[in-house]
Amino acid sequence: MSEQHRGAIGRRPLLRTGMMGFISTTAASALKVDTTAADTETDAEKRKARFQADSAEVQNFYRVNRYPKR
């Protein structure tokens, strides 16, 4: 009963192999990031006002979320 099986893999080598596989997969996925999708907005488009206080959606938001009167 004191004999160890030579064919069995121990916990530490198994964990080490699994972690190396995880690290290599993570590194490979980080290299595959597609950088061809560039920003298509011009500087003027980036700076334009997108919030319109008079729009129906904004007025509805403030109407619904108004605090009740005391």
# chains A, B, ... in the order shown; residues from 1 in each chain; ligands from 1
>>> select_by_dssp(residues="chain A", states="helix (DSSP H, G or I)", output="number ranges by chain")
A: 11-31, 43-47, 56-64
>>> atom_distance(atom1="CA of Gly10 (chain A)", atom2="CA of Ala27 (chain A)")
26.0 Å
>>> atom_distance(atom1="CA of Arg6 (chain A)", atom2="CA of Ser24 (chain A)")
28.0 Å
>>> decode(residues="chain A", atoms="C-alpha atoms", output="mmCIF file, in the first residue's frame")
data_model
loop_
_atom_site.group_PDB
_atom_site.id
_atom_site.type_symbol
_atom_site.label_atom_id
_atom_site.label_comp_id
_atom_site.auth_asym_id
_atom_site.auth_seq_id
_atom_site.Cartn_x
_atom_site.Cartn_y
_atom_site.Cartn_z
ATOM 1 C CA MET A 1 0.000 0.000 0.000
ATOM 2 C CA SER A 2 2.941 2.335 0.372
ATOM 3 C CA GLU A 3 3.775 2.084 -3.325
ATOM 4 C CA GLN A 4 2.972 5.039 -5.561
ATOM 5 C CA HIS A 5 1.728 4.560 -9.051
ATOM 6 C CA ARG A 6 4.299 5.876 -11.510
ATOM 7 C CA GLY A 7 1.698 6.658 -14.176
ATOM 8 C CA ALA A 8 -0.411 8.993 -12.037
ATOM 9 C CA ILE A 9 0.011 12.746 -12.295
ATOM 10 C CA GLY A 10 0.298 14.611 -9.033
ATOM 11 C CA ARG A 11 -1.810 17.591 -8.085
ATOM 12 C CA ARG A 12 0.961 20.162 -8.365
ATOM 13 C CA PRO A 13 2.111 19.236 -11.893
ATOM 14 C CA LEU A 14 -1.508 19.067 -13.002
ATOM 15 C CA LEU A 15 -2.225 22.515 -11.562
ATOM 16 C CA ARG A 16 0.982 23.891 -13.066
ATOM 17 C CA THR A 17 0.055 22.533 -16.503
ATOM 18 C CA GLY A 18 -3.452 23.920 -16.236
ATOM 19 C CA MET A 19 -2.203 27.367 -15.241
ATOM 20 C CA MET A 20 0.294 27.442 -18.101
ATOM 21 C CA GLY A 21 -2.507 26.543 -20.516
ATOM 22 C CA PHE A 22 -4.703 29.300 -19.073
ATOM 23 C CA ILE A 23 -1.926 31.877 -19.307
ATOM 24 C CA SER A 24 -1.042 30.925 -22.873
ATOM 25 C CA THR A 25 -4.718 31.049 -23.904
ATOM 26 C CA THR A 26 -5.128 34.467 -22.319
ATOM 27 C CA ALA A 27 -1.995 35.779 -24.007
ATOM 28 C CA ALA A 28 -3.083 34.408 -27.372
ATOM 29 C CA SER A 29 -6.524 35.979 -27.089
ATOM 30 C CA ALA A 30 -4.950 39.318 -26.190
ATOM 31 C CA LEU A 31 -2.874 39.187 -29.371
ATOM 32 C CA LYS A 32 -5.917 38.503 -31.542
ATOM 33 C CA VAL A 33 -7.589 41.815 -30.686
ATOM 34 C CA ASP A 34 -8.696 43.443 -33.902
ATOM 35 C CA THR A 35 -7.308 46.966 -34.102
ATOM 36 C CA THR A 36 -8.554 47.763 -37.607
ATOM 37 C CA ALA A 37 -11.810 49.337 -36.404
ATOM 38 C CA ALA A 38 -10.629 52.914 -36.155
ATOM 39 C CA ASP A 39 -12.607 55.802 -34.748
ATOM 40 C CA THR A 40 -14.666 57.252 -37.565
ATOM 41 C CA GLU A 41 -15.876 60.412 -35.829
ATOM 42 C CA THR A 42 -14.196 63.690 -36.622
ATOM 43 C CA ASP A 43 -13.242 66.143 -33.890
ATOM 44 C CA ALA A 44 -16.287 68.283 -34.647
ATOM 45 C CA GLU A 45 -18.593 65.272 -34.320
ATOM 46 C CA LYS A 46 -17.001 64.300 -31.029
ATOM 47 C CA ARG A 47 -17.596 67.752 -29.567
ATOM 48 C CA LYS A 48 -21.162 68.282 -30.711
ATOM 49 C CA ALA A 49 -23.887 68.482 -28.096
ATOM 50 C CA ARG A 50 -25.788 65.237 -27.760
ATOM 51 C CA PHE A 51 -27.899 66.158 -24.765
ATOM 52 C CA GLN A 52 -30.990 68.090 -25.719
ATOM 53 C CA ALA A 53 -32.819 69.305 -22.626
ATOM 54 C CA ASP A 54 -36.003 70.107 -24.554
ATOM 55 C CA SER A 55 -36.424 66.631 -26.021
ATOM 56 C CA ALA A 56 -39.452 64.566 -25.080
ATOM 57 C CA GLU A 57 -37.346 61.782 -23.558
ATOM 58 C CA VAL A 58 -35.544 64.127 -21.175
ATOM 59 C CA GLN A 59 -38.742 65.888 -20.138
ATOM 60 C CA ASN A 60 -40.416 62.516 -19.522
ATOM 61 C CA PHE A 61 -37.446 61.340 -17.428
ATOM 62 C CA TYR A 62 -37.606 64.359 -15.152
ATOM 63 C CA ARG A 63 -41.411 64.172 -14.963
ATOM 64 C CA VAL A 64 -41.348 60.523 -13.887
ATOM 65 C CA ASN A 65 -38.415 60.828 -11.489
ATOM 66 C CA ARG A 66 -39.496 64.041 -9.789
ATOM 67 C CA TYR A 67 -39.598 63.908 -6.019
ATOM 68 C CA PRO A 68 -43.098 63.930 -4.556
ATOM 69 C CA LYS A 69 -44.242 67.213 -3.078
ATOM 70 C CA ARG A 70 -44.413 67.346 0.690
#
